[in-house]
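Structure file query11.pdb (PDB, C-alpha atoms) is printed below.
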ATOM      1  CA  MET A  25      44.783 170.380 192.607
ATOM      2  CA  PRO A  26      47.974 170.660 194.680
ATOM      3  CA  HIS A  27      49.900 168.216 192.443
ATOM      4  CA  ASP A  28      50.269 167.338 188.772
ATOM      5  CA  SER A  29      48.563 164.106 187.737
ATOM      6  CA  ARG A  30      51.818 162.149 187.684
ATOM      7  CA  GLY A  31      52.756 159.054 189.679
ATOM      8  CA  LEU A  32      50.833 157.100 192.293
ATOM      9  CA  PHE A  33      51.591 159.222 195.376
ATOM     10  CA  LYS A  34      50.756 162.574 193.784
ATOM     11  CA  ARG A  35      47.486 161.168 192.494
ATOM     12  CA  LEU A  36      46.628 159.759 195.916
ATOM     13  CA  ALA A  37      47.359 163.182 197.418
ATOM     14  CA  ASN A  38      45.007 164.771 194.902
ATOM     15  CA  LEU A  39      42.295 162.254 195.811
ATOM     16  CA  TYR A  40      42.653 163.169 199.482
ATOM     17  CA  PHE A  41      42.588 166.893 198.643
ATOM     18  CA  ALA A  42      39.394 166.459 196.602
ATOM     19  CA  TRP A  43      37.733 164.480 199.391
ATOM     20  CA  LYS A  44      38.633 167.127 201.991
ATOM     21  CA  ASN A  45      37.468 170.023 199.787
ATOM     22  CA  LYS A  46      34.264 168.676 198.241
ATOM     23  CA  ALA A  47      31.591 171.317 197.768
ATOM     24  CA  ASP A  48      27.960 171.780 196.721
ATOM     25  CA  ILE A  49      29.041 171.364 193.106
ATOM     26  CA  ASN A  50      32.187 169.455 192.153
ATOM     27  CA  HIS A  51      33.336 169.768 188.545
ATOM     28  CA  ILE A  52      36.199 167.562 187.341
ATOM     29  CA  THR A  53      38.081 168.763 184.261
ATOM     30  CA  GLY A  54      41.437 167.849 182.792
ATOM     31  CA  ASP A  55      43.565 164.750 183.355
ATOM     32  CA  ILE A  56      42.111 163.899 186.787
ATOM     33  CA  HIS A  57      38.994 161.861 186.011
ATOM     34  CA  PHE A  58      39.890 159.473 188.850
ATOM     35  CA  LEU A  59      38.872 162.142 191.390
ATOM     36  CA  ALA A  60      35.337 160.818 190.908
ATOM     37  CA  PHE A  61      36.253 158.119 193.444
ATOM     38  CA  ALA A  62      36.682 160.783 196.153
ATOM     39  CA  LEU A  63      33.587 162.878 195.435
ATOM     40  CA  PRO A  64      29.840 162.383 195.946
ATOM     41  CA  ARG A  65      28.050 160.888 192.957
ATOM     42  CA  LYS A  66      25.011 163.168 192.838
ATOM     43  CA  ASN A  67      26.584 166.614 192.661
ATOM     44  CA  THR A  68      29.794 165.830 190.756
ATOM     45  CA  ILE A  69      30.231 166.657 187.073
ATOM     46  CA  LEU A  70      32.887 164.983 184.922
ATOM     47  CA  THR A  71      33.949 166.734 181.703
ATOM     48  CA  ILE A  72      35.511 164.587 178.975
ATOM     49  CA  HIS A  73      37.040 166.304 175.957
ATOM     50  CA  ASP A  74      37.875 163.256 173.858
ATOM     51  CA  CYS A  75      38.781 159.579 174.042
ATOM     52  CA  GLY A  76      41.779 159.800 171.725
ATOM     53  CA  THR A  77      44.164 158.369 174.319
ATOM     54  CA  VAL A  78      42.445 154.999 173.894
ATOM     55  CA  VAL A  79      43.587 154.970 170.263
ATOM     56  CA  ARG A  80      47.228 155.647 171.190
ATOM     57  CA  LEU A  81      47.695 153.218 174.106
ATOM     58  CA  LYS A  82      48.200 149.461 174.160
ATOM     59  CA  GLY A  83      48.345 146.610 176.662
ATOM     60  CA  ILE A  84      48.287 147.340 180.382
ATOM     61  CA  LYS A  85      48.392 151.103 179.825
ATOM     62  CA  LEU A  86      45.254 150.902 177.711
ATOM     63  CA  LEU A  87      43.472 148.782 180.325
ATOM     64  CA  THR A  88      44.489 151.119 183.160
ATOM     65  CA  PHE A  89      43.391 154.229 181.303
ATOM     66  CA  THR A  90      40.084 152.730 180.200
ATOM     67  CA  LEU A  91      39.166 151.649 183.718
ATOM     68  CA  LEU A  92      40.549 154.489 185.874
ATOM     69  CA  TRP A  93      40.051 157.453 183.536
ATOM     70  CA  LEU A  94      36.890 156.433 181.665
ATOM     71  CA  LYS A  95      34.727 153.467 182.646
ATOM     72  CA  TRP A  96      34.804 153.632 186.447
ATOM     73  CA  PRO A  97      34.765 157.467 186.767
ATOM     74  CA  CYS A  98      31.838 157.690 184.331
ATOM     75  CA  ARG A  99      29.890 155.211 186.424
ATOM     76  CA  ARG A 100      30.802 157.036 189.655
ATOM     77  CA  VAL A 101      29.105 160.322 188.688
ATOM     78  CA  ASP A 102      25.528 161.189 187.773
ATOM     79  CA  THR A 103      26.472 163.946 185.302
ATOM     80  CA  ILE A 104      28.952 163.943 182.420
ATOM     81  CA  THR A 105      29.631 166.730 179.952
ATOM     82  CA  VAL A 106      31.343 166.292 176.604
ATOM     83  CA  ILE A 107      32.299 168.811 173.944
ATOM     84  CA  SER A 108      30.790 167.094 170.909
ATOM     85  CA  GLU A 109      28.384 164.412 169.757
ATOM     86  CA  LYS A 110      31.416 162.427 168.584
ATOM     87  CA  THR A 111      32.865 162.336 172.092
ATOM     88  CA  LYS A 112      29.459 161.415 173.512
ATOM     89  CA  GLN A 113      29.205 158.392 171.236
ATOM     90  CA  ASP A 114      32.795 157.371 172.051
ATOM     91  CA  VAL A 115      32.086 157.565 175.791
ATOM     92  CA  ILE A 116      28.930 155.487 175.447
ATOM     93  CA  GLN A 117      30.754 152.859 173.403
ATOM     94  CA  LEU A 118      33.733 152.632 175.759
ATOM     95  CA  THR A 119      31.909 152.808 179.104
ATOM     96  CA  GLY A 120      28.353 151.646 178.510
ATOM     97  CA  VAL A 121      26.919 154.505 180.610
ATOM     98  CA  ASN A 122      23.361 155.761 180.220
ATOM     99  CA  PRO A 123      23.297 158.355 177.390
ATOM    100  CA  ASP A 124      20.810 160.446 179.395
ATOM    101  CA  LYS A 125      23.506 161.409 181.906
ATOM    102  CA  ILE A 126      25.725 162.915 179.171
ATOM    103  CA  HIS A 127      25.286 166.588 178.234
ATOM    104  CA  ILE A 128      26.946 168.191 175.200
ATOM    105  CA  ILE A 129      28.450 171.597 175.989
ATOM    106  CA  PRO A 130      30.975 172.770 173.381
ATOM    107  CA  ASN A 131      34.260 174.562 173.812
ATOM    108  CA  TYR A 132      34.260 178.332 173.360
ATOM    109  CA  ILE A 133      36.421 180.566 171.215
ATOM    110  CA  HIS A 134      38.595 182.944 173.218
ATOM    111  CA  LYS A 135      38.102 186.647 172.592
ATOM    112  CA  ARG A 136      41.774 187.120 171.737
ATOM    113  CA  PHE A 137      40.973 185.580 168.335
ATOM    114  CA  THR A 138      39.604 188.604 166.481
ATOM    115  CA  PRO A 139      39.005 189.468 162.791
ATOM    116  CA  GLN A 140      42.166 190.385 160.893
ATOM    117  CA  SER A 141      42.705 191.857 157.437
ATOM    118  CA  TYR A 142      43.554 189.247 154.834
ATOM    119  CA  PRO A 143      47.305 189.136 154.062
ATOM    120  CA  THR A 144      48.769 190.121 150.730
ATOM    121  CA  GLY A 145      51.044 187.861 148.679
ATOM    122  CA  ILE A 146      48.451 185.316 147.593
ATOM    123  CA  ASP A 147      50.656 184.538 144.552
ATOM    124  CA  HIS A 148      52.982 182.803 147.004
ATOM    125  CA  PRO A 149      50.426 181.538 149.516
ATOM    126  CA  HIS A 150      51.039 180.533 153.082
ATOM    127  CA  VAL A 151      49.202 177.464 154.439
ATOM    128  CA  LEU A 152      49.032 176.802 158.179
ATOM    129  CA  GLN A 153      48.868 173.330 159.753
ATOM    130  CA  ILE A 154      48.158 173.020 163.487
ATOM    131  CA  GLY A 155      49.403 169.828 165.163
ATOM    132  CA  THR A 156      51.930 167.114 164.303
ATOM    133  CA  ALA A 157      50.341 163.941 165.682
ATOM    134  CA  ARG A 158      49.637 161.348 162.998
ATOM    135  CA  HIS A 159      45.866 161.825 163.200
ATOM    136  CA  LYS A 160      46.320 165.521 162.352
ATOM    137  CA  ASN A 161      46.870 164.272 158.783
ATOM    138  CA  TRP A 162      49.695 166.690 158.028
ATOM    139  CA  ILE A 163      51.465 164.046 155.922
ATOM    140  CA  ARG A 164      48.754 164.224 153.263
ATOM    141  CA  LEU A 165      49.088 168.002 153.232
ATOM    142  CA  ALA A 166      52.823 167.597 152.592
ATOM    143  CA  GLN A 167      52.129 165.173 149.783
ATOM    144  CA  VAL A 168      49.649 167.435 147.995
ATOM    145  CA  MET A 169      51.737 170.589 148.437
ATOM    146  CA  ASN A 170      55.148 169.232 147.450
ATOM    147  CA  GLY A 171      56.726 171.137 144.600
ATOM    148  CA  ASN A 172      54.156 173.894 145.044
ATOM    149  CA  GLU A 173      55.021 177.572 145.406
ATOM    150  CA  ALA A 174      53.110 177.711 148.666
ATOM    151  CA  THR A 175      54.835 177.736 152.030
ATOM    152  CA  VAL A 176      53.469 175.392 154.681
ATOM    153  CA  THR A 177      53.972 176.223 158.347
ATOM    154  CA  ILE A 178      53.578 173.243 160.667
ATOM    155  CA  VAL A 179      52.957 174.124 164.314
ATOM    156  CA  GLY A 180      54.159 171.406 166.674
ATOM    157  CA  ARG A 181      57.506 169.717 167.200
ATOM    158  CA  LEU A 182      58.476 167.335 164.396
ATOM    159  CA  LYS A 183      60.686 164.289 164.861
ATOM    160  CA  LYS A 184      63.990 164.032 162.983
ATOM    161  CA  SER A 185      62.554 161.259 160.823
ATOM    162  CA  GLU A 186      59.556 163.448 159.958
ATOM    163  CA  ILE A 187      61.803 166.354 159.015
ATOM    164  CA  ALA A 188      63.803 164.045 156.785
ATOM    165  CA  TYR A 189      60.567 162.892 155.157
ATOM    166  CA  LEU A 190      59.447 166.467 154.462
ATOM    167  CA  GLU A 191      62.764 167.384 152.916
ATOM    168  CA  LYS A 192      62.576 164.307 150.716
ATOM    169  CA  GLU A 193      59.087 165.383 149.625
ATOM    170  CA  ASN A 194      60.549 168.711 148.458
ATOM    171  CA  LEU A 195      58.091 170.678 150.564
ATOM    172  CA  ASN A 196      58.663 174.376 151.163
ATOM    173  CA  TYR A 197      57.916 174.395 154.891
ATOM    174  CA  SER A 198      58.806 175.754 158.297
ATOM    175  CA  ASN A 199      58.345 174.006 161.625
ATOM    176  CA  LYS A 200      57.501 176.060 164.709
ATOM    177  CA  PHE A 201      56.790 174.840 168.240
ATOM    178  CA  ASP A 202      56.546 176.008 171.847
ATOM    179  CA  LEU A 203      54.811 179.138 170.587
ATOM    180  CA  THR A 204      53.439 181.770 172.915
ATOM    181  CA  GLU A 205      49.809 182.818 172.510
ATOM    182  CA  GLU A 206      50.875 185.951 170.647
ATOM    183  CA  GLU A 207      53.181 183.972 168.360
ATOM    184  CA  LEU A 208      50.331 181.597 167.508
ATOM    185  CA  LEU A 209      48.066 184.554 166.733
ATOM    186  CA  GLU A 210      50.771 185.906 164.441
ATOM    187  CA  GLU A 211      50.826 182.618 162.517
ATOM    188  CA  TYR A 212      47.098 182.907 161.929
ATOM    189  CA  ARG A 213      47.504 186.535 160.822
ATOM    190  CA  ASN A 214      50.171 185.617 158.266
ATOM    191  CA  THR A 215      48.411 182.655 156.667
ATOM    192  CA  HIS A 216      46.142 182.544 153.617
ATOM    193  CA  LEU A 217      44.529 179.219 154.513
ATOM    194  CA  VAL A 218      44.310 176.939 157.540
ATOM    195  CA  TYR A 219      44.383 173.177 156.950
ATOM    196  CA  PHE A 220      42.894 171.004 159.675
ATOM    197  CA  ALA A 221      41.724 167.804 157.973
ATOM    198  CA  SER A 222      42.285 165.448 160.904
ATOM    199  CA  THR A 223      41.201 161.827 160.884
ATOM    200  CA  PHE A 224      40.221 161.995 164.582
ATOM    201  CA  GLU A 225      39.325 164.843 166.938
ATOM    202  CA  GLY A 226      37.259 165.427 170.034
ATOM    203  CA  PHE A 227      36.358 168.916 168.832
ATOM    204  CA  GLY A 228      38.716 170.910 166.595
ATOM    205  CA  MET A 229      39.538 174.293 168.126
ATOM    206  CA  PRO A 230      41.818 175.455 165.248
ATOM    207  CA  ILE A 231      38.718 175.550 163.037
ATOM    208  CA  LEU A 232      37.100 178.190 165.237
ATOM    209  CA  GLU A 233      40.363 180.053 165.820
ATOM    210  CA  ALA A 234      40.888 180.412 162.064
ATOM    211  CA  GLN A 235      37.270 181.417 161.449
ATOM    212  CA  ALA A 236      37.357 184.031 164.208
ATOM    213  CA  MET A 237      40.433 185.614 162.616
ATOM    214  CA  GLY A 238      39.003 185.620 159.106
ATOM    215  CA  ARG A 239      40.930 182.788 157.509
ATOM    216  CA  PRO A 240      39.433 180.170 155.158
ATOM    217  CA  VAL A 241      39.553 176.641 156.546
ATOM    218  CA  VAL A 242      39.852 173.220 154.951
ATOM    219  CA  THR A 243      38.721 170.525 157.367
ATOM    220  CA  SER A 244      37.388 166.969 157.386
ATOM    221  CA  ASN A 245      33.871 165.962 156.388
ATOM    222  CA  ILE A 246      33.620 163.722 159.466
ATOM    223  CA  SER A 247      32.431 164.321 163.014
ATOM    224  CA  PRO A 248      33.030 166.410 164.990
ATOM    225  CA  MET A 249      34.878 168.721 162.567
ATOM    226  CA  LYS A 250      31.958 169.148 160.181
ATOM    227  CA  GLU A 251      29.593 170.096 163.028
ATOM    228  CA  VAL A 252      32.095 172.517 164.569
ATOM    229  CA  ALA A 253      32.824 174.139 161.187
ATOM    230  CA  GLY A 254      29.166 174.622 160.270
ATOM    231  CA  GLU A 255      28.869 176.385 156.916
ATOM    232  CA  GLY A 256      32.140 178.229 157.470
ATOM    233  CA  ALA A 257      34.699 175.769 156.115
ATOM    234  CA  ALA A 258      35.468 173.676 153.047
ATOM    235  CA  LEU A 259      34.947 169.993 153.861
ATOM    236  CA  VAL A 260      37.053 167.216 152.346
ATOM    237  CA  ASN A 261      37.502 163.489 152.695
ATOM    238  CA  PRO A 262      40.658 163.420 154.866
ATOM    239  CA  TYR A 263      41.854 160.233 153.157
ATOM    240  CA  LEU A 264      41.652 161.482 149.544
ATOM    241  CA  GLN A 265      44.722 163.446 148.463
ATOM    242  CA  SER A 266      43.147 164.525 145.168
ATOM    243  CA  GLU A 267      40.168 166.041 146.982
ATOM    244  CA  ILE A 268      42.405 167.835 149.463
ATOM    245  CA  ARG A 269      44.604 169.213 146.689
ATOM    246  CA  ASN A 270      41.690 170.426 144.562
ATOM    247  CA  MET A 271      39.960 172.107 147.481
ATOM    248  CA  ILE A 272      43.091 173.937 148.636
ATOM    249  CA  MET A 273      43.876 175.162 145.133
ATOM    250  CA  ASN A 274      40.272 176.273 144.496
ATOM    251  CA  ILE A 275      40.343 178.410 147.624
ATOM    252  CA  LEU A 276      43.775 179.899 146.961
ATOM    253  CA  LEU A 277      42.933 180.733 143.323
ATOM    254  CA  ASN A 278      39.379 182.014 143.804
ATOM    255  CA  GLU A 279      38.833 185.204 145.778
ATOM    256  CA  ASP A 280      35.041 184.807 145.814
ATOM    257  CA  ILE A 281      35.305 181.390 147.474
ATOM    258  CA  ARG A 282      37.715 182.780 150.052
ATOM    259  CA  LYS A 283      35.412 185.695 150.905
ATOM    260  CA  GLN A 284      32.400 183.414 151.191
ATOM    261  CA  LEU A 285      34.180 181.038 153.564
ATOM    262  CA  ILE A 286      35.497 183.916 155.657
ATOM    263  CA  ASN A 287      32.055 185.526 156.019
ATOM    264  CA  GLN A 288      30.411 182.216 156.853
ATOM    265  CA  GLY A 289      33.164 181.532 159.358
ATOM    266  CA  TYR A 290      32.439 184.800 161.153
ATOM    267  CA  GLU A 291      28.801 183.744 161.457
ATOM    268  CA  ASN A 292      29.677 180.267 162.693
ATOM    269  CA  VAL A 293      31.849 181.377 165.618
ATOM    270  CA  LYS A 294      28.883 183.261 167.064
ATOM    271  CA  ARG A 295      27.653 179.855 168.274
ATOM    272  CA  PHE A 296      30.722 179.443 170.495
ATOM    273  CA  THR A 297      31.036 182.623 172.548
ATOM    274  CA  PRO A 298      32.229 182.388 176.173
ATOM    275  CA  GLU A 299      28.885 183.808 177.326
ATOM    276  CA  LEU A 300      26.811 181.107 175.606
ATOM    277  CA  VAL A 301      28.990 178.275 176.896
ATOM    278  CA  ALA A 302      29.066 179.728 180.426
ATOM    279  CA  ASN A 303      25.270 179.978 180.419
ATOM    280  CA  GLU A 304      24.977 176.301 179.523
ATOM    281  CA  TYR A 305      27.206 175.316 182.429
ATOM    282  CA  MET A 306      25.347 177.639 184.790
ATOM    283  CA  ALA A 307      22.031 176.057 183.795
ATOM    284  CA  LEU A 308      23.493 172.612 184.485
ATOM    285  CA  TYR A 309      24.825 173.693 187.905
ATOM    286  CA  LYS A 310      21.396 175.079 188.838
ATOM    287  CA  LYS A 311      19.680 171.887 187.730
ATOM    288  CA  ILE A 312      21.953 169.817 189.958
ATOM    289  CA  MET A 313      21.437 172.154 192.918
ATOM    290  CA  LEU A 314      17.657 172.053 192.548
ATOM    291  CA  SER A 315      17.682 168.256 192.403
ATOM    292  CA  ASP A 316      19.146 167.974 195.928
TER     293      ASP A 316
END

Would you mind writing the file out in structure tokens?
Amino acid sequence: MPHDSRGLFKRLANLYFAWKNKADINHITGDIHFLAFALPRKNTILTIHDCGTVVRLKGIKLLTFTLLWLKWPCRRVDTITVISEKTKQDVIQLTGVNPDKIHIIPNYIHKRFTPQSYPTGIDHPHVLQIGTARHKNWIRLAQVMNGNEATVTIVGRLKKSEIAYLEKENLNYSNKFDLTEEELLEEYRNTHLVYFASTFEGFGMPILEAQAMGRPVVTSNISPMKEVAGEGAALVNPYLQSEIRNMIMNILLNEDIRKQLINQGYENVKRFTPELVANEYMALYKKIMLSD
């Protein structure tokens, strides 16, 4: 698109651009679902990653988003792809579209995430948390790790009030944000455990990133995290602090558990290679072309 999806006039310009440049296959991804209004129904695919924005918005913003980014675009196309069963069910609930038009094609794990040797210093473990939104559930991690010898690294910008809260909790932590790809990889290399027990996700890429780099993962026993993790992660109730604490400590104190999770994680990421995901999209493109 020639313009960011910001403001009325830039979005109208993008609609005109899409209409002028429509092709045999039109695939809408990202924050431009409204382009469905400018493209032919039959050979346009709309990809939806999650419906989390609906949870965060209120009032007129919620109504506008639901209509222009979800309900009407979903009804304007014959083919929708989502990245998980969870997102599929959310889309059906919010839009009422026919489930048969929705295809599940997962995200893939980038090849830059490669196996790494496990770091030393497990006596003073390093726990990595990706994301600072409330649904990332980092507050419960802070509560279970306070006063512990472990260091928690939280990736994502924290508010001043959140920093004050962490300091009050006596948590040994660091907060890093605006990381480059290499800096993020370095955080994975340096950690002994990745915590990603969110209360809501559309998919959960940090699970696969950690598994691909050989790091044990603690994640939620709810969809879609449990499906993405497969057998390669420790699952916990994201609302139970005692369960989160016990699971983290069991992994950090038991080398056999760590090795088992790491090996199972390596096996799990084989389901999410770029080649497999690309083949699924190619098969869908061919199906649409043959239906013309």

So that I can check the surroundings of Leu300 (chain A), please list as a PyMOL selection string every protein, DNA and RNA residue that reaches within 12 Å of it, counting all atoms listed in the file and ignoring chain neighbours fewer than 6 positions away. chain A and resi 129-133+293-294+306-307

Taking the file above as input, evaluate the PyMOL selection byres ((chain A and resi 61) around 9) and report the hits as a ChimeraX atom specification. /A:39,43,57-60,62-65,96-97,100-101

Can you spell out as a list in words the set of residues that the PyMOL selection byres ((chain A and resi 230-237) around 6) selects in the structure I just provided? Phe137, Thr138, Pro139, Gln140, Gly228, Met229, Gly238, Arg239, Gly289 and Tyr290 of chain A

Matched chain/residue IDs from the PyMOL selection byres ((chain A and resi 241-245) around 7), as a PyMOL selection string: chain A and resi 217-222+231+234+239-240+246-247+249-250+257-262

So the first atom is CA of Glu206 (chain A) and the second is CA of Arg136 (chain A); what is the distance between them in Å, to one decimal place?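 We find that CA of Glu206 (chain A) and CA of Arg136 (chain A) lie 9.2 Å from each other.
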
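Close contacts of region 178-181 of chain A, defined as residues with an atom at most 9 Å away when counting all atoms listed in the file, with chain neighbours fewer than 2 positions off set aside, comprise Val151, Leu152, Gln153, Ile154, Gly155, Thr156, Ala157, Trp162, Val176, Lys183, Tyr197, Ser198, Asn199, Lys200, Phe201, Asp202, Leu203, Leu208 and Glu211 of chain A.
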
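When CA of Glu207 (chain A) is paired with CA of Thr177 (chain A), their separation reads 12.7 Å.
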
Axis-aligned box for all listed atoms of region 146-151 of chain A, 5 Å per side, centre and edges in Å to one decimal, as JSON:
{"center_x": 50.7, "center_y": 181.4, "center_z": 149.5, "size_x": 14.5, "size_y": 17.9, "size_z": 19.9}

Can you measure CA of Lys184 (chain A) to CA of Asn172 (chain A) for me? One decimal in Å is fine. 22.7 Å

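Compared by their closest atoms to Phe224 (chain A), and using only C-alpha atoms, the residues A:Ala47, A:Ile52, A:Val79, A:Ala42 rank with A:Val79 nearest.
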
Who sits within 12 Å of Ile107 (chain A), all atoms listed in the file, same chain under 4 positions skipped, as a PyMOL selection string: chain A and resi 53+70-75+111-115+126-132+225-229+247-249+251-252+296+301+304-305
